[in-house]
Each structure stands twice: as structure tokens, then as C-alpha cells.
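Source file: query.cif (mmCIF, N, CA and C atoms)
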```
data_protein
#
loop_
_atom_site.group_PDB
_atom_site.id
_atom_site.type_symbol
_atom_site.label_atom_id
_atom_site.label_comp_id
_atom_site.auth_asym_id
_atom_site.auth_seq_id
_atom_site.Cartn_x
_atom_site.Cartn_y
_atom_site.Cartn_z
ATOM 1 N N MET U 870 -1.069 1.605 10.356
ATOM 2 C CA MET U 870 -0.708 1.825 8.967
ATOM 3 C C MET U 870 0.471 2.788 8.915
ATOM 4 N N THR U 871 1.427 2.453 8.097
ATOM 5 C CA THR U 871 2.525 3.360 7.826
ATOM 6 C C THR U 871 2.079 4.348 6.753
ATOM 7 N N ASP U 872 1.439 3.812 5.718
ATOM 8 C CA ASP U 872 0.801 4.619 4.681
ATOM 9 C C ASP U 872 -0.211 3.727 3.972
ATOM 10 N N GLY U 873 -0.667 4.125 2.797
ATOM 11 C CA GLY U 873 -1.728 3.381 2.132
ATOM 12 C C GLY U 873 -1.356 2.026 1.587
ATOM 13 N N ASP U 874 -0.051 1.725 1.489
ATOM 14 C CA ASP U 874 0.352 0.418 0.968
ATOM 15 C C ASP U 874 1.320 -0.332 1.880
ATOM 16 N N THR U 875 1.547 0.181 3.080
ATOM 17 C CA THR U 875 2.452 -0.462 4.035
ATOM 18 C C THR U 875 1.833 -0.417 5.427
ATOM 19 N N PHE U 876 1.887 -1.548 6.112
ATOM 20 C CA PHE U 876 1.382 -1.588 7.478
ATOM 21 C C PHE U 876 2.323 -2.412 8.341
ATOM 22 N N ARG U 877 2.133 -2.317 9.631
ATOM 23 C CA ARG U 877 2.996 -3.013 10.580
ATOM 24 C C ARG U 877 2.181 -4.074 11.316
ATOM 25 N N LEU U 878 2.763 -5.284 11.415
ATOM 26 C CA LEU U 878 2.146 -6.349 12.197
ATOM 27 C C LEU U 878 2.380 -6.092 13.685
ATOM 28 N N MET U 879 1.644 -6.761 14.529
ATOM 29 C CA MET U 879 1.846 -6.615 15.971
ATOM 30 C C MET U 879 3.271 -6.981 16.364
ATOM 31 N N SER U 880 3.914 -7.855 15.589
ATOM 32 C CA SER U 880 5.304 -8.256 15.850
ATOM 33 C C SER U 880 6.295 -7.146 15.528
ATOM 34 N N GLY U 881 5.837 -6.121 14.816
ATOM 35 C CA GLY U 881 6.717 -5.037 14.391
ATOM 36 C C GLY U 881 7.143 -5.154 12.934
ATOM 37 N N GLU U 882 6.946 -6.310 12.329
ATOM 38 C CA GLU U 882 7.324 -6.494 10.931
ATOM 39 C C GLU U 882 6.486 -5.586 10.035
ATOM 40 N N ARG U 883 7.178 -4.891 9.104
ATOM 41 C CA ARG U 883 6.469 -4.028 8.157
ATOM 42 C C ARG U 883 6.153 -4.818 6.894
ATOM 43 N N ILE U 884 4.899 -4.712 6.447
ATOM 44 C CA ILE U 884 4.425 -5.420 5.265
ATOM 45 C C ILE U 884 4.083 -4.410 4.185
ATOM 46 N N ARG U 885 4.712 -4.566 3.028
ATOM 47 C CA ARG U 885 4.413 -3.741 1.848
ATOM 48 C C ARG U 885 3.516 -4.575 0.962
ATOM 49 N N ILE U 886 2.313 -4.084 0.671
ATOM 50 C CA ILE U 886 1.349 -4.830 -0.138
ATOM 51 C C ILE U 886 1.855 -4.873 -1.583
ATOM 52 N N ALA U 887 1.954 -6.077 -2.130
ATOM 53 C CA ALA U 887 2.504 -6.286 -3.470
ATOM 54 C C ALA U 887 1.586 -5.745 -4.558
ATOM 55 N N ASP U 888 2.200 -5.319 -5.642
ATOM 56 C CA ASP U 888 1.534 -4.989 -6.904
ATOM 57 C C ASP U 888 0.668 -3.738 -6.881
ATOM 58 N N ILE U 889 0.825 -2.885 -5.851
ATOM 59 C CA ILE U 889 0.105 -1.616 -5.824
ATOM 60 C C ILE U 889 1.041 -0.494 -5.388
ATOM 61 N N ASP U 890 0.592 0.731 -5.634
ATOM 62 C CA ASP U 890 1.255 1.910 -5.098
ATOM 63 C C ASP U 890 0.170 2.823 -4.565
ATOM 64 N N ALA U 891 0.366 3.324 -3.381
ATOM 65 C CA ALA U 891 -0.516 4.332 -2.804
ATOM 66 C C ALA U 891 0.250 5.644 -2.779
ATOM 67 N N PRO U 892 -0.447 6.758 -2.824
ATOM 68 C CA PRO U 892 0.252 8.042 -2.778
ATOM 69 C C PRO U 892 0.988 8.232 -1.455
ATOM 70 N N GLU U 893 2.046 9.012 -1.501
ATOM 71 C CA GLU U 893 2.836 9.273 -0.300
ATOM 72 C C GLU U 893 2.042 10.139 0.674
ATOM 73 N N SER U 894 2.191 9.840 1.956
ATOM 74 C CA SER U 894 1.430 10.557 2.983
ATOM 75 C C SER U 894 2.319 11.447 3.854
ATOM 76 N N ARG U 895 3.586 11.564 3.484
ATOM 77 C CA ARG U 895 4.521 12.419 4.232
ATOM 78 C C ARG U 895 4.989 13.551 3.327
ATOM 79 N N ALA U 896 4.997 14.762 3.886
ATOM 80 C CA ALA U 896 5.327 15.957 3.099
ATOM 81 C C ALA U 896 6.681 15.848 2.406
ATOM 82 N N GLY U 897 7.668 15.272 3.043
ATOM 83 C CA GLY U 897 8.985 15.158 2.445
ATOM 84 C C GLY U 897 9.083 14.142 1.325
ATOM 85 N N GLN U 898 8.072 13.298 1.195
ATOM 86 C CA GLN U 898 8.110 12.257 0.162
ATOM 87 C C GLN U 898 7.129 12.509 -0.974
ATOM 88 N N ALA U 899 6.035 13.204 -0.700
ATOM 89 C CA ALA U 899 5.042 13.500 -1.738
ATOM 90 C C ALA U 899 5.623 14.507 -2.728
ATOM 91 N N LYS U 900 5.287 14.336 -3.992
ATOM 92 C CA LYS U 900 5.824 15.208 -5.032
ATOM 93 C C LYS U 900 4.987 16.475 -5.244
ATOM 94 N N CYS U 901 3.789 16.524 -4.692
ATOM 95 C CA CYS U 901 2.927 17.695 -4.842
ATOM 96 C C CYS U 901 1.862 17.663 -3.740
ATOM 97 N N ALA U 902 1.159 18.764 -3.582
ATOM 98 C CA ALA U 902 0.119 18.857 -2.547
ATOM 99 C C ALA U 902 -1.008 17.863 -2.800
ATOM 100 N N ALA U 903 -1.340 17.633 -4.070
ATOM 101 C CA ALA U 903 -2.409 16.680 -4.387
ATOM 102 C C ALA U 903 -2.035 15.267 -3.944
ATOM 103 N N GLU U 904 -0.774 14.886 -4.163
ATOM 104 C CA GLU U 904 -0.346 13.557 -3.732
ATOM 105 C C GLU U 904 -0.410 13.447 -2.215
ATOM 106 N N LEU U 905 0.019 14.474 -1.516
ATOM 107 C CA LEU U 905 -0.009 14.452 -0.058
ATOM 108 C C LEU U 905 -1.438 14.289 0.460
ATOM 109 N N ALA U 906 -2.370 15.032 -0.096
ATOM 110 C CA ALA U 906 -3.775 14.921 0.320
ATOM 111 C C ALA U 906 -4.319 13.529 0.010
ATOM 112 N N ARG U 907 -4.005 13.019 -1.174
ATOM 113 C CA ARG U 907 -4.449 11.668 -1.550
ATOM 114 C C ARG U 907 -3.799 10.621 -0.654
ATOM 115 N N GLY U 908 -2.544 10.847 -0.296
ATOM 116 C CA GLY U 908 -1.836 9.903 0.568
ATOM 117 C C GLY U 908 -2.444 9.813 1.954
ATOM 118 N N LYS U 909 -2.801 10.955 2.513
ATOM 119 C CA LYS U 909 -3.433 10.945 3.835
ATOM 120 C C LYS U 909 -4.796 10.254 3.787
ATOM 121 N N ALA U 910 -5.545 10.500 2.713
ATOM 122 C CA ALA U 910 -6.850 9.839 2.554
ATOM 123 C C ALA U 910 -6.671 8.330 2.375
ATOM 124 N N ALA U 911 -5.685 7.930 1.569
ATOM 125 C CA ALA U 911 -5.434 6.501 1.334
ATOM 126 C C ALA U 911 -5.033 5.796 2.624
ATOM 127 N N THR U 912 -4.227 6.466 3.435
ATOM 128 C CA THR U 912 -3.816 5.883 4.716
ATOM 129 C C THR U 912 -5.027 5.682 5.616
ATOM 130 N N ARG U 913 -5.912 6.675 5.672
ATOM 131 C CA ARG U 913 -7.136 6.538 6.483
ATOM 132 C C ARG U 913 -8.013 5.392 5.980
ATOM 133 N N GLN U 914 -8.151 5.279 4.662
ATOM 134 C CA GLN U 914 -8.981 4.219 4.087
ATOM 135 C C GLN U 914 -8.402 2.836 4.386
ATOM 136 N N ALA U 915 -7.106 2.693 4.209
ATOM 137 C CA ALA U 915 -6.462 1.400 4.477
ATOM 138 C C ALA U 915 -6.562 1.055 5.959
ATOM 139 N N LYS U 916 -6.359 2.040 6.809
ATOM 140 C CA LYS U 916 -6.459 1.814 8.254
ATOM 141 C C LYS U 916 -7.869 1.364 8.633
ATOM 142 N N ALA U 917 -8.881 1.989 8.056
ATOM 143 C CA ALA U 917 -10.267 1.614 8.345
ATOM 144 C C ALA U 917 -10.543 0.168 7.936
ATOM 145 N N LEU U 918 -9.945 -0.260 6.834
ATOM 146 C CA LEU U 918 -10.133 -1.645 6.384
ATOM 147 C C LEU U 918 -9.429 -2.647 7.297
ATOM 148 N N LEU U 919 -8.234 -2.294 7.786
ATOM 149 C CA LEU U 919 -7.392 -3.262 8.487
ATOM 150 C C LEU U 919 -7.499 -3.257 10.005
ATOM 151 N N ASP U 920 -7.841 -2.138 10.618
ATOM 152 C CA ASP U 920 -7.831 -2.056 12.078
ATOM 153 C C ASP U 920 -8.651 -3.166 12.730
ATOM 154 N N GLY U 921 -7.969 -3.926 13.578
ATOM 155 C CA GLY U 921 -8.627 -4.985 14.335
ATOM 156 C C GLY U 921 -8.966 -6.225 13.539
ATOM 157 N N LYS U 922 -8.546 -6.286 12.294
ATOM 158 C CA LYS U 922 -8.880 -7.418 11.423
ATOM 159 C C LYS U 922 -7.745 -8.432 11.386
ATOM 160 N N THR U 923 -8.100 -9.652 11.083
ATOM 161 C CA THR U 923 -7.120 -10.707 10.865
ATOM 162 C C THR U 923 -6.880 -10.811 9.367
ATOM 163 N N ILE U 924 -5.623 -10.820 8.996
ATOM 164 C CA ILE U 924 -5.263 -10.941 7.582
ATOM 165 C C ILE U 924 -4.489 -12.231 7.360
ATOM 166 N N ARG U 925 -4.361 -12.584 6.118
ATOM 167 C CA ARG U 925 -3.458 -13.653 5.694
ATOM 168 C C ARG U 925 -2.527 -13.022 4.666
ATOM 169 N N PHE U 926 -1.287 -13.489 4.647
ATOM 170 C CA PHE U 926 -0.368 -12.950 3.652
ATOM 171 C C PHE U 926 0.642 -13.996 3.238
ATOM 172 N N GLU U 927 1.132 -13.795 2.019
ATOM 173 C CA GLU U 927 2.162 -14.666 1.447
ATOM 174 C C GLU U 927 3.365 -13.784 1.139
ATOM 175 N N ARG U 928 4.461 -14.037 1.825
ATOM 176 C CA ARG U 928 5.683 -13.276 1.582
ATOM 177 C C ARG U 928 6.219 -13.615 0.194
ATOM 178 N N ILE U 929 6.535 -12.560 -0.582
ATOM 179 C CA ILE U 929 7.080 -12.799 -1.918
ATOM 180 C C ILE U 929 8.400 -12.080 -2.145
ATOM 181 N N GLY U 930 8.824 -11.251 -1.206
ATOM 182 C CA GLY U 930 10.098 -10.560 -1.380
ATOM 183 C C GLY U 930 10.364 -9.554 -0.284
ATOM 184 N N ARG U 931 11.378 -8.720 -0.535
ATOM 185 C CA ARG U 931 11.777 -7.677 0.417
ATOM 186 C C ARG U 931 12.007 -6.393 -0.362
ATOM 187 N N SER U 932 11.738 -5.258 0.277
ATOM 188 C CA SER U 932 11.994 -3.960 -0.322
ATOM 189 C C SER U 932 12.119 -2.932 0.784
ATOM 190 N N TYR U 933 13.242 -2.215 0.824
ATOM 191 C CA TYR U 933 13.464 -1.156 1.819
ATOM 192 C C TYR U 933 13.162 -1.637 3.245
ATOM 193 N N ASN U 934 13.743 -2.751 3.622
ATOM 194 C CA ASN U 934 13.567 -3.329 4.960
ATOM 195 C C ASN U 934 12.120 -3.669 5.297
ATOM 196 N N ARG U 935 11.341 -3.969 4.275
ATOM 197 C CA ARG U 935 9.954 -4.392 4.467
ATOM 198 C C ARG U 935 9.747 -5.720 3.759
ATOM 199 N N THR U 936 8.823 -6.497 4.283
ATOM 200 C CA THR U 936 8.390 -7.705 3.598
ATOM 201 C C THR U 936 7.374 -7.299 2.541
ATOM 202 N N VAL U 937 7.559 -7.752 1.321
ATOM 203 C CA VAL U 937 6.564 -7.539 0.269
ATOM 204 C C VAL U 937 5.697 -8.787 0.251
ATOM 205 N N ALA U 938 4.371 -8.590 0.288
ATOM 206 C CA ALA U 938 3.475 -9.737 0.415
ATOM 207 C C ALA U 938 2.163 -9.511 -0.316
ATOM 208 N N ARG U 939 1.572 -10.605 -0.749
ATOM 209 C CA ARG U 939 0.188 -10.590 -1.219
ATOM 210 C C ARG U 939 -0.669 -10.787 0.021
ATOM 211 N N VAL U 940 -1.641 -9.921 0.202
ATOM 212 C CA VAL U 940 -2.417 -9.884 1.439
ATOM 213 C C VAL U 940 -3.884 -10.136 1.141
ATOM 214 N N THR U 941 -4.515 -10.974 1.964
ATOM 215 C CA THR U 941 -5.956 -11.174 1.854
ATOM 216 C C THR U 941 -6.629 -10.777 3.160
ATOM 217 N N LEU U 942 -7.799 -10.202 3.012
ATOM 218 C CA LEU U 942 -8.629 -9.750 4.124
ATOM 219 C C LEU U 942 -10.030 -10.275 3.863
ATOM 220 N N ASP U 943 -10.558 -11.023 4.796
ATOM 221 C CA ASP U 943 -11.884 -11.632 4.621
ATOM 222 C C ASP U 943 -11.968 -12.439 3.328
ATOM 223 N N GLY U 944 -10.856 -13.111 2.987
ATOM 224 C CA GLY U 944 -10.824 -13.959 1.799
ATOM 225 C C GLY U 944 -10.695 -13.211 0.482
ATOM 226 N N ARG U 945 -10.543 -11.877 0.540
ATOM 227 C CA ARG U 945 -10.435 -11.067 -0.676
ATOM 228 C C ARG U 945 -9.056 -10.427 -0.750
ATOM 229 N N ASP U 946 -8.589 -10.240 -1.970
ATOM 230 C CA ASP U 946 -7.289 -9.627 -2.200
ATOM 231 C C ASP U 946 -7.320 -8.166 -1.762
ATOM 232 N N LEU U 947 -6.471 -7.802 -0.814
ATOM 233 C CA LEU U 947 -6.461 -6.443 -0.281
ATOM 234 C C LEU U 947 -6.011 -5.432 -1.326
ATOM 235 N N ALA U 948 -5.038 -5.778 -2.150
ATOM 236 C CA ALA U 948 -4.572 -4.852 -3.189
ATOM 237 C C ALA U 948 -5.724 -4.477 -4.116
ATOM 238 N N ALA U 949 -6.476 -5.460 -4.563
ATOM 239 C CA ALA U 949 -7.611 -5.197 -5.457
ATOM 240 C C ALA U 949 -8.657 -4.321 -4.766
ATOM 241 N N ARG U 950 -8.859 -4.558 -3.499
ATOM 242 C CA ARG U 950 -9.839 -3.750 -2.743
ATOM 243 C C ARG U 950 -9.369 -2.300 -2.652
ATOM 244 N N LEU U 951 -8.096 -2.080 -2.352
ATOM 245 C CA LEU U 951 -7.572 -0.719 -2.258
ATOM 246 C C LEU U 951 -7.635 -0.008 -3.611
ATOM 247 N N ILE U 952 -7.386 -0.736 -4.684
ATOM 248 C CA ILE U 952 -7.511 -0.155 -6.025
ATOM 249 C C ILE U 952 -8.968 0.212 -6.295
ATOM 250 N N SER U 953 -9.885 -0.670 -5.948
ATOM 251 C CA SER U 953 -11.307 -0.432 -6.244
ATOM 252 C C SER U 953 -11.871 0.787 -5.518
ATOM 253 N N ILE U 954 -11.333 1.125 -4.355
ATOM 254 C CA ILE U 954 -11.825 2.291 -3.621
ATOM 255 C C ILE U 954 -10.999 3.542 -3.913
ATOM 256 N N GLY U 955 -10.027 3.427 -4.797
ATOM 257 C CA GLY U 955 -9.234 4.579 -5.209
ATOM 258 C C GLY U 955 -8.084 4.938 -4.287
ATOM 259 N N ALA U 956 -7.784 4.073 -3.309
ATOM 260 C CA ALA U 956 -6.699 4.343 -2.361
ATOM 261 C C ALA U 956 -5.337 3.933 -2.916
ATOM 262 N N ALA U 957 -5.320 3.182 -4.005
ATOM 263 C CA ALA U 957 -4.073 2.701 -4.606
ATOM 264 C C ALA U 957 -4.286 2.519 -6.102
ATOM 265 N N ARG U 958 -3.184 2.367 -6.795
ATOM 266 C CA ARG U 958 -3.201 2.061 -8.232
ATOM 267 C C ARG U 958 -2.320 0.844 -8.464
ATOM 268 N N PRO U 959 -2.590 0.104 -9.537
ATOM 269 C CA PRO U 959 -1.718 -1.044 -9.844
ATOM 270 C C PRO U 959 -0.295 -0.574 -10.100
ATOM 271 N N TRP U 960 0.666 -1.354 -9.620
ATOM 272 C CA TRP U 960 2.076 -1.058 -9.862
ATOM 273 C C TRP U 960 2.844 -2.367 -9.852
ATOM 274 N N LEU U 961 3.160 -2.855 -11.026
ATOM 275 C CA LEU U 961 3.892 -4.103 -11.149
ATOM 276 C C LEU U 961 5.384 -3.820 -11.164
ATOM 277 N N ARG U 962 6.155 -4.797 -10.726
ATOM 278 C CA ARG U 962 7.610 -4.656 -10.669
ATOM 279 C C ARG U 962 8.177 -4.204 -11.996
ATOM 280 N N ARG U 963 9.183 -3.356 -11.887
ATOM 281 C CA ARG U 963 9.924 -2.838 -13.042
ATOM 282 C C ARG U 963 9.084 -1.941 -13.951
ATOM 283 N N GLN U 964 7.952 -1.486 -13.477
ATOM 284 C CA GLN U 964 7.121 -0.531 -14.214
ATOM 285 C C GLN U 964 7.261 0.836 -13.554
ATOM 286 N N PRO U 965 7.017 1.909 -14.297
ATOM 287 C CA PRO U 965 7.080 3.236 -13.676
ATOM 288 C C PRO U 965 6.009 3.370 -12.591
ATOM 289 N N LYS U 966 6.351 4.095 -11.525
ATOM 290 C CA LYS U 966 5.387 4.336 -10.456
ATOM 291 C C LYS U 966 4.255 5.223 -10.993
ATOM 292 N N PRO U 967 3.049 5.016 -10.485
ATOM 293 C CA PRO U 967 1.943 5.912 -10.883
ATOM 294 C C PRO U 967 2.255 7.356 -10.482
ATOM 295 N N ASP U 968 1.759 8.289 -11.284
ATOM 296 C CA ASP U 968 1.948 9.718 -11.013
ATOM 297 C C ASP U 968 0.706 10.229 -10.289
ATOM 298 N N TRP U 969 0.841 10.451 -8.993
ATOM 299 C CA TRP U 969 -0.285 10.884 -8.165
ATOM 300 C C TRP U 969 -0.544 12.377 -8.276
ATOM 301 N N CYS U 970 0.312 13.104 -8.965
ATOM 302 C CA CYS U 970 0.127 14.551 -9.112
ATOM 303 C C CYS U 970 -0.754 14.867 -10.316
ATOM 304 N N ARG U 971 -0.969 13.926 -11.183
ATOM 305 C CA ARG U 971 -1.837 14.107 -12.343
ATOM 306 C C ARG U 971 -3.239 13.614 -12.021
ATOM 307 N N ALA U 972 -4.228 14.344 -12.467
ATOM 308 C CA ALA U 972 -5.622 13.920 -12.261
ATOM 309 C C ALA U 972 -5.852 12.623 -13.023
ATOM 310 N N ARG U 973 -6.762 11.843 -12.510
ATOM 311 C CA ARG U 973 -7.042 10.558 -13.168
ATOM 312 C C ARG U 973 -8.493 10.447 -13.473
#
```

Now that the file is in, can you turn its structure into C-alpha cells?
Amino acid sequence: MTDGDTFRLMSGERIRIADIDAPESRAGQAKCAAELARGKAATRQAKALLDGKTIRFERIGRSYNRTVARVTLDGRDLAARLISIGAARPWLRRQPKPDWCRAR
């Protein structure tokens, strides 16, 4: 896992999960300490879900040298699963990014 919404395939290709945003897990990118803590937790949660698993994905675009894709794990939408466990929030194109520094 790169972070809670981006992972790398064995081929090296980076996949950005479509329609969600996870908090930043790097100090230089997080806007506050709360986001950084949430980002590290989200990365751990996503990693626990994906490690050693086979996924399916549909490429829908590119962003920052990453493939943007809809991803399924065990026949279920991964974005919805990450949202349901609190590791991500919905984020549709051209909408403001979620504010991870505010309590929810």
C-alpha cells in the first residue's frame, strides 16, 4: 500500500481507487496531526484487506502517474468497503476533497 487509497500491483503499476479519498499518511502531505494519524490507520486497514488477495479492477483514468480504477475484492466494491470501515470518504471528481482535520 502506498496509502489508504493507492496501492501498487506486483508489476509496479500504481492503482488509485476511484471515487474515494483517504487521509494522507505522510507528514509533508497531511494538513494536521489528526489527518496524519488517520492516514496511517487507513493505510494499515487497507493493507490488511489487500495483502495476499486477488483483486479485479477496471481502469477508468489516470491521475498523478497512477491508474485510477474501480476495484473489487471478493466480489465487493473496495471503495465502499473502505468507506464503511472509516478508512476513506466518498470523493467524486470535481468535488472538494474531504477535510480530514475536522471531526466527523

Applying the PyMOL selection byres ((chain U and resi 939) around 6.5) to the file I just gave you, which residues come out? Please list them as a short mmCIF file (atom, residue, chain, number, x, y, z; two decimals) with N, CA and C atoms, in the coordinates of the input.
```cif
data_model
loop_
_atom_site.label_atom_id
_atom_site.label_comp_id
_atom_site.auth_asym_id
_atom_site.auth_seq_id
_atom_site.Cartn_x
_atom_site.Cartn_y
_atom_site.Cartn_z
N ILE U 886 2.31 -4.08 0.67
CA ILE U 886 1.35 -4.83 -0.14
C ILE U 886 1.86 -4.87 -1.58
N ALA U 887 1.95 -6.08 -2.13
CA ALA U 887 2.50 -6.29 -3.47
C ALA U 887 1.59 -5.74 -4.56
N ARG U 925 -4.36 -12.58 6.12
CA ARG U 925 -3.46 -13.65 5.69
C ARG U 925 -2.53 -13.02 4.67
N PHE U 926 -1.29 -13.49 4.65
CA PHE U 926 -0.37 -12.95 3.65
C PHE U 926 0.64 -14.00 3.24
N GLU U 927 1.13 -13.80 2.02
CA GLU U 927 2.16 -14.67 1.45
C GLU U 927 3.36 -13.78 1.14
N ARG U 928 4.46 -14.04 1.82
CA ARG U 928 5.68 -13.28 1.58
C ARG U 928 6.22 -13.62 0.19
N ILE U 929 6.54 -12.56 -0.58
CA ILE U 929 7.08 -12.80 -1.92
C ILE U 929 8.40 -12.08 -2.14
N VAL U 937 7.56 -7.75 1.32
CA VAL U 937 6.56 -7.54 0.27
C VAL U 937 5.70 -8.79 0.25
N ALA U 938 4.37 -8.59 0.29
CA ALA U 938 3.48 -9.74 0.42
C ALA U 938 2.16 -9.51 -0.32
N VAL U 940 -1.64 -9.92 0.20
CA VAL U 940 -2.42 -9.88 1.44
C VAL U 940 -3.88 -10.14 1.14
N THR U 941 -4.51 -10.97 1.96
CA THR U 941 -5.96 -11.17 1.85
C THR U 941 -6.63 -10.78 3.16
#
```

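The closest residue to Gly944 in chain U, picked from U:Leu961, U:Ala896, U:Cys901, U:Ile924 and counting all atoms listed in the file, is U:Ile924.
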
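This file gives the following result for the PyMOL selection byres ((chain U and resi 873) around 5): Thr871, Asp872, Asp874, Thr875, Ala911 and Thr912 of chain U.
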
**Item:** Using all atoms listed in the file: which of U:Ser894, U:Ala915, U:Ala906, U:Thr936 has the shortest distance to Met870 in chain U
**Value:** U:Ala915

**Asked** Written as a list in words, what is the full residue list that the PyMOL selection byres (((chain U and resi 959 and name CA) around 12) and name CA) yields on the file shown?
**Response** Asp874, Ile886, Ala887, Asp888, Ile889, Asp890, Ala891, Pro892, Leu947, Ala948, Ala949, Arg950, Leu951, Ile952, Ser953, Gly955, Ala956, Ala957, Arg958, Trp960, Leu961, Arg962, Gln964, Pro965, Lys966, Pro967 and Asp968 of chain U
